>>> print(open('final_3.cif').read())   # mmCIF, C-alpha atoms
data_protein
#
loop_
_atom_site.group_PDB
_atom_site.id
_atom_site.type_symbol
_atom_site.label_atom_id
_atom_site.label_comp_id
_atom_site.auth_asym_id
_atom_site.auth_seq_id
_atom_site.Cartn_x
_atom_site.Cartn_y
_atom_site.Cartn_z
ATOM 1 C CA MET A 294 19.739 0.191 -27.101
ATOM 2 C CA PRO A 295 23.303 -0.129 -25.804
ATOM 3 C CA ARG A 296 24.316 -2.947 -23.486
ATOM 4 C CA SER A 297 24.520 -0.636 -20.468
ATOM 5 C CA SER A 298 20.911 0.544 -20.936
ATOM 6 C CA CYS A 299 19.888 -3.059 -21.014
ATOM 7 C CA ALA A 300 21.609 -3.712 -17.694
ATOM 8 C CA VAL A 301 19.887 -0.643 -16.258
ATOM 9 C CA LEU A 302 16.519 -1.952 -17.463
ATOM 10 C CA ALA A 303 17.160 -5.362 -15.899
ATOM 11 C CA ALA A 304 18.244 -3.761 -12.615
ATOM 12 C CA ALA A 305 15.191 -1.460 -12.599
ATOM 13 C CA LEU A 306 12.964 -4.470 -13.206
ATOM 14 C CA LEU A 307 14.503 -6.349 -10.277
ATOM 15 C CA LEU A 308 14.215 -3.293 -8.033
ATOM 16 C CA THR A 309 10.568 -2.836 -8.998
ATOM 17 C CA LEU A 310 9.906 -6.464 -8.149
ATOM 18 C CA GLY A 311 11.418 -5.834 -4.744
ATOM 19 C CA ILE A 312 13.797 -8.756 -4.872
ATOM 20 C CA PHE A 313 17.003 -6.827 -5.401
ATOM 21 C CA SER A 314 17.564 -6.695 -1.653
ATOM 22 C CA PRO A 315 15.672 -9.522 0.064
ATOM 23 C CA ALA A 316 17.044 -8.506 3.482
ATOM 24 C CA LEU A 317 15.807 -4.936 3.079
ATOM 25 C CA ALA A 318 12.445 -6.146 1.797
ATOM 26 C CA ALA A 319 12.111 -8.544 4.780
ATOM 27 C CA GLU A 320 12.939 -5.721 7.190
ATOM 28 C CA LYS A 321 10.250 -3.518 5.639
ATOM 29 C CA VAL A 322 7.644 -6.262 5.897
ATOM 30 C CA ARG A 323 8.566 -6.940 9.519
ATOM 31 C CA SER A 324 8.287 -3.226 10.367
ATOM 32 C CA ALA A 325 4.877 -3.024 8.712
ATOM 33 C CA ILE A 326 3.632 -6.087 10.615
ATOM 34 C CA ASP A 327 5.018 -4.737 13.903
ATOM 35 C CA ALA A 328 3.204 -1.434 13.260
ATOM 36 C CA GLY A 329 0.015 -3.327 12.365
ATOM 37 C CA ASN A 330 0.171 -5.288 15.611
ATOM 38 C CA ARG A 331 0.814 -2.161 17.675
ATOM 39 C CA ALA A 332 -2.229 -0.523 16.049
ATOM 40 C CA PHE A 333 -4.267 -3.660 16.751
ATOM 41 C CA LEU A 334 -3.359 -3.755 20.447
ATOM 42 C CA GLU A 335 -3.884 -0.015 20.890
ATOM 43 C CA ALA A 336 -7.323 -0.126 19.253
ATOM 44 C CA TYR A 337 -8.301 -3.255 21.180
ATOM 45 C CA ALA A 338 -7.269 -1.723 24.505
ATOM 46 C CA LYS A 339 -9.447 1.310 23.692
ATOM 47 C CA GLY A 340 -12.405 -0.931 22.836
ATOM 48 C CA ASP A 341 -12.389 0.399 19.257
ATOM 49 C CA SER A 342 -13.548 -2.680 17.334
ATOM 50 C CA ALA A 343 -14.084 -0.659 14.123
ATOM 51 C CA LYS A 344 -10.427 0.382 14.122
ATOM 52 C CA VAL A 345 -9.358 -3.211 14.813
ATOM 53 C CA ALA A 346 -11.453 -4.411 11.844
ATOM 54 C CA SER A 347 -9.986 -1.715 9.595
ATOM 55 C CA LEU A 348 -6.545 -3.342 9.954
ATOM 56 C CA TYR A 349 -7.857 -6.418 8.130
ATOM 57 C CA ALA A 350 -8.256 -6.741 4.367
ATOM 58 C CA THR A 351 -11.827 -6.185 3.171
ATOM 59 C CA ASP A 352 -12.028 -9.896 2.295
ATOM 60 C CA ALA A 353 -10.233 -11.109 5.428
ATOM 61 C CA MET A 354 -11.291 -13.937 7.716
ATOM 62 C CA VAL A 355 -10.811 -14.439 11.431
ATOM 63 C CA MET A 356 -10.761 -18.151 12.295
ATOM 64 C CA PRO A 357 -11.244 -18.412 16.084
ATOM 65 C CA PRO A 358 -11.187 -21.618 18.121
ATOM 66 C CA GLY A 359 -14.600 -22.889 19.140
ATOM 67 C CA ALA A 360 -16.500 -20.653 16.744
ATOM 68 C CA PRO A 361 -17.171 -20.354 13.006
ATOM 69 C CA GLN A 362 -14.973 -17.998 11.015
ATOM 70 C CA ALA A 363 -15.869 -14.321 10.804
ATOM 71 C CA LYS A 364 -15.741 -12.863 7.280
ATOM 72 C CA GLY A 365 -15.184 -9.326 6.070
ATOM 73 C CA ARG A 366 -14.732 -6.200 8.152
ATOM 74 C CA ALA A 367 -18.320 -6.119 9.462
ATOM 75 C CA GLY A 368 -18.102 -9.735 10.614
ATOM 76 C CA ILE A 369 -14.628 -9.199 12.056
ATOM 77 C CA GLN A 370 -15.682 -6.064 13.927
ATOM 78 C CA LYS A 371 -18.624 -7.989 15.404
ATOM 79 C CA PHE A 372 -16.286 -10.804 16.465
ATOM 80 C CA TRP A 373 -13.802 -8.532 18.247
ATOM 81 C CA GLN A 374 -16.592 -6.446 19.803
ATOM 82 C CA GLY A 375 -17.942 -9.720 21.165
ATOM 83 C CA ALA A 376 -14.530 -10.528 22.638
ATOM 84 C CA MET A 377 -14.378 -7.090 24.286
ATOM 85 C CA ASP A 378 -17.927 -7.504 25.626
ATOM 86 C CA ALA A 379 -16.986 -10.947 26.981
ATOM 87 C CA GLY A 380 -14.379 -9.329 29.217
ATOM 88 C CA ILE A 381 -11.304 -10.342 27.235
ATOM 89 C CA GLY A 382 -8.492 -7.860 27.830
ATOM 90 C CA ASN A 383 -4.778 -7.396 28.459
ATOM 91 C CA VAL A 384 -4.128 -8.848 25.020
ATOM 92 C CA THR A 385 -0.453 -9.315 24.148
ATOM 93 C CA LEU A 386 1.115 -10.414 20.876
ATOM 94 C CA LYS A 387 4.674 -11.621 20.407
ATOM 95 C CA THR A 388 5.907 -12.123 16.875
ATOM 96 C CA ILE A 389 8.195 -15.146 16.653
ATOM 97 C CA GLU A 390 8.828 -15.275 12.898
ATOM 98 C CA VAL A 391 7.863 -13.445 9.741
ATOM 99 C CA GLY A 392 8.400 -14.700 6.218
ATOM 100 C CA SER A 393 7.362 -13.017 3.013
ATOM 101 C CA SER A 394 7.436 -13.182 -0.754
ATOM 102 C CA GLY A 395 6.178 -10.269 -2.809
ATOM 103 C CA ALA A 396 2.775 -9.147 -1.541
ATOM 104 C CA LEU A 397 2.271 -12.200 0.707
ATOM 105 C CA ALA A 398 3.592 -12.777 4.226
ATOM 106 C CA TYR A 399 2.990 -15.042 7.197
ATOM 107 C CA GLU A 400 3.522 -14.213 10.830
ATOM 108 C CA GLN A 401 3.954 -16.857 13.502
ATOM 109 C CA GLY A 402 3.402 -15.660 17.031
ATOM 110 C CA GLU A 403 2.306 -16.194 20.590
ATOM 111 C CA PHE A 404 -0.541 -14.408 22.336
ATOM 112 C CA GLY A 405 -1.752 -13.895 25.847
ATOM 113 C CA LEU A 406 -5.022 -12.509 27.193
ATOM 114 C CA ASP A 407 -7.043 -12.254 30.366
ATOM 115 C CA VAL A 408 -10.683 -13.247 30.584
ATOM 116 C CA LYS A 409 -12.594 -11.466 33.322
ATOM 117 C CA GLY A 410 -15.492 -13.643 34.440
ATOM 118 C CA LYS A 411 -18.810 -12.400 35.834
ATOM 119 C CA ASP A 412 -17.607 -13.474 39.264
ATOM 120 C CA GLY A 413 -14.801 -10.906 38.966
ATOM 121 C CA LYS A 414 -12.102 -13.559 38.707
ATOM 122 C CA THR A 415 -9.573 -13.321 35.916
ATOM 123 C CA ALA A 416 -8.245 -16.299 33.980
ATOM 124 C CA HIS A 417 -5.123 -16.072 31.841
ATOM 125 C CA VAL A 418 -5.109 -17.747 28.441
ATOM 126 C CA ALA A 419 -2.050 -18.168 26.218
ATOM 127 C CA GLY A 420 -1.577 -19.670 22.800
ATOM 128 C CA LYS A 421 -0.071 -19.447 19.357
ATOM 129 C CA TYR A 422 -1.168 -17.997 16.051
ATOM 130 C CA ILE A 423 -0.514 -17.671 12.365
ATOM 131 C CA VAL A 424 -1.550 -14.542 10.497
ATOM 132 C CA VAL A 425 -1.387 -14.398 6.704
ATOM 133 C CA TRP A 426 -0.757 -10.775 5.722
ATOM 134 C CA LYS A 427 -1.321 -9.247 2.286
ATOM 135 C CA ARG A 428 0.042 -6.049 0.815
ATOM 136 C CA THR A 429 -2.512 -3.898 -0.973
ATOM 137 C CA ALA A 430 -1.890 -2.208 -4.333
ATOM 138 C CA LYS A 431 -1.208 0.956 -2.316
ATOM 139 C CA GLY A 432 1.537 -0.809 -0.352
ATOM 140 C CA GLN A 433 -0.314 -1.262 2.933
ATOM 141 C CA TRP A 434 0.038 -4.589 4.776
ATOM 142 C CA GLN A 435 -3.262 -5.932 6.126
ATOM 143 C CA LEU A 436 -4.273 -9.033 8.085
ATOM 144 C CA TYR A 437 -5.869 -11.494 5.653
ATOM 145 C CA ARG A 438 -6.237 -14.796 7.541
ATOM 146 C CA ASP A 439 -5.988 -14.908 11.339
ATOM 147 C CA ILE A 440 -6.053 -18.239 13.190
ATOM 148 C CA TRP A 441 -5.010 -19.242 16.706
ATOM 149 C CA ASN A 442 -5.441 -21.842 19.401
ATOM 150 C CA GLU A 443 -4.688 -22.246 23.076
ATOM 151 C CA THR A 444 -1.598 -23.808 24.623
ATOM 152 C CA PRO A 445 -2.156 -25.094 28.163
ATOM 153 C CA GLN A 446 0.183 -23.356 30.629
ATOM 154 C CA MET B 101 23.085 -5.666 -27.786
ATOM 155 C CA PRO B 102 20.129 -4.900 -30.051
ATOM 156 C CA ARG B 103 16.790 -3.789 -28.666
ATOM 157 C CA SER B 104 15.146 -7.149 -29.450
ATOM 158 C CA SER B 105 17.758 -9.062 -27.424
ATOM 159 C CA CYS B 106 17.011 -6.764 -24.552
ATOM 160 C CA ALA B 107 13.299 -7.586 -24.755
ATOM 161 C CA VAL B 108 14.172 -11.295 -24.856
ATOM 162 C CA LEU B 109 16.346 -10.871 -21.761
ATOM 163 C CA ALA B 110 13.554 -9.084 -19.897
ATOM 164 C CA ALA B 111 11.010 -11.739 -20.905
ATOM 165 C CA ALA B 112 13.373 -14.544 -19.869
ATOM 166 C CA LEU B 113 13.888 -12.822 -16.532
ATOM 167 C CA LEU B 114 10.151 -12.595 -15.932
ATOM 168 C CA LEU B 115 9.640 -16.220 -16.963
ATOM 169 C CA THR B 116 12.412 -17.348 -14.624
ATOM 170 C CA LEU B 117 10.772 -15.461 -11.786
ATOM 171 C CA GLY B 118 7.573 -17.341 -12.541
ATOM 172 C CA ILE B 119 5.403 -14.271 -12.693
ATOM 173 C CA PHE B 120 4.879 -14.204 -16.434
ATOM 174 C CA SER B 121 1.773 -16.344 -16.065
ATOM 175 C CA PRO B 122 0.361 -15.960 -12.554
ATOM 176 C CA ALA B 123 -2.628 -18.177 -13.395
ATOM 177 C CA LEU B 124 -0.392 -21.031 -14.542
ATOM 178 C CA ALA B 125 1.850 -20.617 -11.498
ATOM 179 C CA ALA B 126 -1.179 -20.658 -9.157
ATOM 180 C CA GLU B 127 -2.480 -23.817 -10.819
ATOM 181 C CA LYS B 128 0.878 -25.542 -10.329
ATOM 182 C CA VAL B 129 0.994 -24.592 -6.646
ATOM 183 C CA ARG B 130 -2.565 -25.810 -6.109
ATOM 184 C CA SER B 131 -1.759 -29.136 -7.801
ATOM 185 C CA ALA B 132 1.329 -29.588 -5.619
ATOM 186 C CA ILE B 133 -0.657 -28.841 -2.450
ATOM 187 C CA ASP B 134 -3.455 -31.194 -3.505
ATOM 188 C CA ALA B 135 -0.857 -33.931 -4.100
ATOM 189 C CA GLY B 136 0.765 -33.184 -0.738
ATOM 190 C CA ASN B 137 -2.576 -33.486 1.047
ATOM 191 C CA ARG B 138 -3.400 -36.757 -0.741
ATOM 192 C CA ALA B 139 -0.019 -38.142 0.343
ATOM 193 C CA PHE B 140 -0.684 -36.937 3.917
ATOM 194 C CA LEU B 141 -4.086 -38.625 4.140
ATOM 195 C CA GLU B 142 -2.834 -41.839 2.535
ATOM 196 C CA ALA B 143 0.135 -42.066 4.921
ATOM 197 C CA TYR B 144 -2.027 -41.185 7.936
ATOM 198 C CA ALA B 145 -4.626 -43.817 7.047
ATOM 199 C CA LYS B 146 -1.807 -46.414 6.868
ATOM 200 C CA GLY B 147 -0.463 -45.317 10.252
ATOM 201 C CA ASP B 148 2.831 -44.277 8.627
ATOM 202 C CA SER B 149 3.824 -41.317 10.817
ATOM 203 C CA ALA B 150 7.361 -41.203 9.326
ATOM 204 C CA LYS B 151 5.909 -40.673 5.838
ATOM 205 C CA VAL B 152 3.537 -38.007 7.206
ATOM 206 C CA ALA B 153 6.497 -36.199 8.810
ATOM 207 C CA SER B 154 8.509 -36.407 5.573
ATOM 208 C CA LEU B 155 5.936 -34.162 3.876
ATOM 209 C CA TYR B 156 6.920 -31.309 6.208
ATOM 210 C CA ALA B 157 9.977 -29.091 5.808
ATOM 211 C CA THR B 158 12.906 -30.103 8.019
ATOM 212 C CA ASP B 159 12.359 -26.915 10.067
ATOM 213 C CA ALA B 160 8.563 -27.153 10.090
ATOM 214 C CA MET B 161 6.262 -26.712 13.071
ATOM 215 C CA VAL B 162 2.909 -28.264 13.885
ATOM 216 C CA MET B 163 0.880 -25.963 16.139
ATOM 217 C CA PRO B 164 -1.963 -28.080 17.580
ATOM 218 C CA PRO B 165 -4.762 -26.833 19.826
ATOM 219 C CA GLY B 166 -4.310 -27.685 23.492
ATOM 220 C CA ALA B 167 -0.659 -28.679 23.159
ATOM 221 C CA PRO B 168 2.732 -27.045 22.612
ATOM 222 C CA GLN B 169 4.055 -26.873 19.076
ATOM 223 C CA ALA B 170 5.980 -29.827 17.648
ATOM 224 C CA LYS B 171 9.212 -28.853 15.867
ATOM 225 C CA GLY B 172 11.155 -30.607 13.120
ATOM 226 C CA ARG B 173 10.424 -33.941 11.516
ATOM 227 C CA ALA B 174 11.187 -36.036 14.621
ATOM 228 C CA GLY B 175 8.859 -33.911 16.756
ATOM 229 C CA ILE B 176 6.193 -33.891 14.071
ATOM 230 C CA GLN B 177 6.378 -37.656 13.584
ATOM 231 C CA LYS B 178 5.972 -38.111 17.346
ATOM 232 C CA PHE B 179 2.964 -35.779 17.361
ATOM 233 C CA TRP B 180 1.139 -37.574 14.541
ATOM 234 C CA GLN B 181 2.052 -41.010 15.941
ATOM 235 C CA GLY B 182 0.456 -39.818 19.190
ATOM 236 C CA ALA B 183 -2.695 -38.830 17.301
ATOM 237 C CA MET B 184 -2.825 -42.262 15.650
ATOM 238 C CA ASP B 185 -2.271 -43.991 18.997
ATOM 239 C CA ALA B 186 -5.043 -41.857 20.540
ATOM 240 C CA GLY B 187 -7.527 -43.392 18.108
ATOM 241 C CA ILE B 188 -7.861 -40.409 15.758
ATOM 242 C CA GLY B 189 -8.839 -41.575 12.290
ATOM 243 C CA ASN B 190 -11.017 -40.954 9.234
ATOM 244 C CA VAL B 191 -9.153 -37.706 8.718
ATOM 245 C CA THR B 192 -10.462 -35.556 5.887
ATOM 246 C CA LEU B 193 -9.053 -32.305 4.468
ATOM 247 C CA LYS B 194 -10.895 -29.877 2.230
ATOM 248 C CA THR B 195 -8.882 -27.074 0.682
ATOM 249 C CA ILE B 196 -10.932 -23.873 0.539
ATOM 250 C CA GLU B 197 -8.345 -21.434 -0.803
ATOM 251 C CA VAL B 198 -4.708 -21.355 -1.846
ATOM 252 C CA GLY B 199 -2.653 -18.233 -2.416
ATOM 253 C CA SER B 200 0.999 -18.058 -3.324
ATOM 254 C CA SER B 201 3.873 -15.779 -4.196
ATOM 255 C CA GLY B 202 7.168 -17.245 -5.343
ATOM 256 C CA ALA B 203 8.274 -20.006 -2.989
ATOM 257 C CA LEU B 204 5.656 -19.184 -0.318
ATOM 258 C CA ALA B 205 2.012 -20.269 -0.182
ATOM 259 C CA TYR B 206 -0.838 -20.494 2.302
ATOM 260 C CA GLU B 207 -3.679 -22.951 2.288
ATOM 261 C CA GLN B 208 -6.940 -22.336 4.083
ATOM 262 C CA GLY B 209 -9.049 -25.418 4.688
ATOM 263 C CA GLU B 210 -11.505 -27.434 6.717
ATOM 264 C CA PHE B 211 -10.815 -30.769 8.384
ATOM 265 C CA GLY B 212 -12.810 -33.575 9.887
ATOM 266 C CA LEU B 213 -11.742 -36.533 12.012
ATOM 267 C CA ASP B 214 -13.147 -39.238 14.240
ATOM 268 C CA VAL B 215 -11.867 -39.940 17.734
ATOM 269 C CA LYS B 216 -12.446 -43.490 18.867
ATOM 270 C CA GLY B 217 -12.664 -43.548 22.649
ATOM 271 C CA LYS B 218 -11.645 -46.437 24.913
ATOM 272 C CA ASP B 219 -15.346 -47.157 25.409
ATOM 273 C CA GLY B 220 -15.588 -47.898 21.674
ATOM 274 C CA LYS B 221 -17.698 -44.809 20.981
ATOM 275 C CA THR B 222 -16.667 -42.496 18.176
ATOM 276 C CA ALA B 223 -16.863 -38.704 18.342
ATOM 277 C CA HIS B 224 -16.640 -36.541 15.233
ATOM 278 C CA VAL B 225 -14.568 -33.376 15.352
ATOM 279 C CA ALA B 226 -14.485 -30.701 12.644
ATOM 280 C CA GLY B 227 -12.551 -27.484 12.285
ATOM 281 C CA LYS B 228 -10.501 -25.174 10.146
ATOM 282 C CA TYR B 229 -6.819 -24.773 9.392
ATOM 283 C CA ILE B 230 -4.116 -22.711 7.805
ATOM 284 C CA VAL B 231 -1.001 -24.347 6.388
ATOM 285 C CA VAL B 232 1.957 -22.250 5.269
ATOM 286 C CA TRP B 233 3.725 -24.156 2.485
ATOM 287 C CA LYS B 234 7.260 -23.563 1.238
ATOM 288 C CA ARG B 235 8.882 -24.620 -2.016
ATOM 289 C CA THR B 236 12.354 -26.122 -1.657
ATOM 290 C CA ALA B 237 15.281 -25.261 -3.908
ATOM 291 C CA LYS B 238 14.494 -28.508 -5.741
ATOM 292 C CA GLY B 239 10.940 -27.315 -6.445
ATOM 293 C CA GLN B 240 9.110 -29.491 -3.920
ATOM 294 C CA TRP B 241 6.300 -27.939 -1.870
ATOM 295 C CA GLN B 242 6.399 -28.887 1.828
ATOM 296 C CA LEU B 243 4.246 -28.052 4.851
ATOM 297 C CA TYR B 244 6.071 -25.425 6.921
ATOM 298 C CA ARG B 245 3.573 -24.160 9.529
ATOM 299 C CA ASP B 246 0.415 -26.127 10.308
ATOM 300 C CA ILE B 247 -2.222 -24.731 12.686
ATOM 301 C CA TRP B 248 -5.871 -25.595 13.275
ATOM 302 C CA ASN B 249 -8.709 -25.339 15.744
ATOM 303 C CA GLU B 250 -12.127 -26.839 16.272
ATOM 304 C CA THR B 251 -15.441 -25.447 15.079
ATOM 305 C CA PRO B 252 -18.432 -26.685 17.122
ATOM 306 C CA GLN B 253 -20.918 -28.506 14.853
#
>>> encode(input="final_3.cif", output="structure tokens")
Amino acid sequence: MPRSSCAVLAAALLLTLGIFSPALAAEKVRSAIDAGNRAFLEAYAKGDSAKVASLYATDAMVMPPGAPQAKGRAGIQKFWQGAMDAGIGNVTLKTIEVGSSGALAYEQGEFGLDVKGKDGKTAHVAGKYIVVWKRTAKGQWQLYRDIWNETPQ
Amino acid sequence: MPRSSCAVLAAALLLTLGIFSPALAAEKVRSAIDAGNRAFLEAYAKGDSAKVASLYATDAMVMPPGAPQAKGRAGIQKFWQGAMDAGIGNVTLKTIEVGSSGALAYEQGEFGLDVKGKDGKTAHVAGKYIVVWKRTAKGQWQLYRDIWNETPQ
């Protein structure tokens, strides 16, 4: 094998590993996470808890404040359906930072939501979150670990 | 360059990237995180908030429930000193899962702590956390994002 073929092999290997252009790779991950969050908010606003759950990995966990973690898509769907039923709406997500390496990424963000009480009054809650995202073998980014807490306003 | 040299180059490249033995790499990351957590608990128990803060990356953030995030080592030291001063002790950490890719890792875990009130009574608090860890250029793993919330017992 001539020297040039060897260089081509090395370059192909680096490209395959997705580290040849870290900036491009980071941009792709960010786009995928942005799209995932848009899909989340759209499905949540429609009250489609099954669609929300489908954005998570099959072995994902939601780790909510004041409650045990919800595991797997069935558990996660039940959790978000419960949130919808509890009158939680107007959910907003703002991504502050994304970092990734290979098939693993973290997202740091801020959220807001309104809780509509039985008395008709609405309370606003805001806070911060970390989501660990994983890329599937098919190249799809899915929420894997999702944890948040409240920040007093 | 002969074909065998090319294979050696490719193997060396893979080894350098640390993906030749994912199991070995995962074990090393887990060991580093375990050591980091032991150092955290030891420093916390001694009331050494500067040592606790030194385990975080210089651009790290602590994202506590019910409070704004604390940024950088000075902010993080102040946060943990505040926790110590507030009578929070007997801190325990239990790592449930670690995943990593290259210089990025997440840790999912459960914590416990006791809050000693001014009336002398002690309340136990338990919860769950995610820590995003980063490996420095020198190979040291440091806490980068640290978020948790309470789980009612």
>>> closest_residue(input="final_3.cif", among="A:Ala304, A:Lys321, A:Ala316, A:Lys431", to="chain B", atoms="all atoms listed in the file")
A:Ala304
>>> atom_distance(input="final_3.cif", atom1="atom CA of Met184 of chain B", atom2="atom CA of Val424 of chain A")
28.2 Å
>>> resolve_selection(input="final_3.cif", expression="the PyMOL selection byres ((chain B) within 8 of (chain A))", output="PyMOL selection string")
chain B and resi 101-103+106+110+163-168+200-204+206+228-230+232+247-252
>>> residues_around(input="final_3.cif", residues="Lys151 of chain B", least_positions_apart="6", cutoff="9 Å", atoms="only C-alpha atoms", output="ChimeraX atom specification")
/B:139-140,143-144,177
>>> write_last_selection(input="final_3.cif", atoms="C-alpha atoms", output="tab-separated table (two decimals), keeping the file's coordinate frame")
chain	number	residue	atom	x	y	z
B	139	ALA	CA	-0.02	-38.14	0.34
B	140	PHE	CA	-0.68	-36.94	3.92
B	143	ALA	CA	0.14	-42.07	4.92
B	144	TYR	CA	-2.03	-41.18	7.94
B	177	GLN	CA	6.38	-37.66	13.58
>>> atom_distance(input="final_3.cif", atom1="atom CA of Asn383 of chain A", atom2="atom CA of Ala325 of chain A")
22.4 Å
>>> resolve_selection(input="final_3.cif", expression="the PyMOL selection byres ((chain A and resi 367) around 10)", output="PyMOL selection string")
chain A and resi 342-343+346-347+351+363-366+368-372
>>> resolve_selection(input="final_3.cif", expression="the PyMOL selection byres ((chain B and resi 192) around 12)", output="PyMOL selection string")
chain B and resi 137-138+140-142+144-145+188-191+193-195+209-214+224-229
>>> residues_around(input="final_3.cif", residues="Tyr437 of chain A", least_positions_apart="5", cutoff="9 Å", atoms="only C-alpha atoms", output="ChimeraX atom specification")
/A:349-355,424-427
>>> closest_residue(input="final_3.cif", among="B:Val108, B:Ala186, B:Ala135, B:Leu243", to="Thr222 of chain B", atoms="only C-alpha atoms")
B:Ala186
>>> atom_distance(input="final_3.cif", atom1="atom CA of Thr236 of chain B", atom2="atom CA of Val198 of chain B")
17.7 Å
>>> closest_residue(input="final_3.cif", among="A:Ile389, A:Gly340, A:Leu348, A:Trp434", to="Gln374 of chain A", atoms="only C-alpha atoms")
A:Gly340
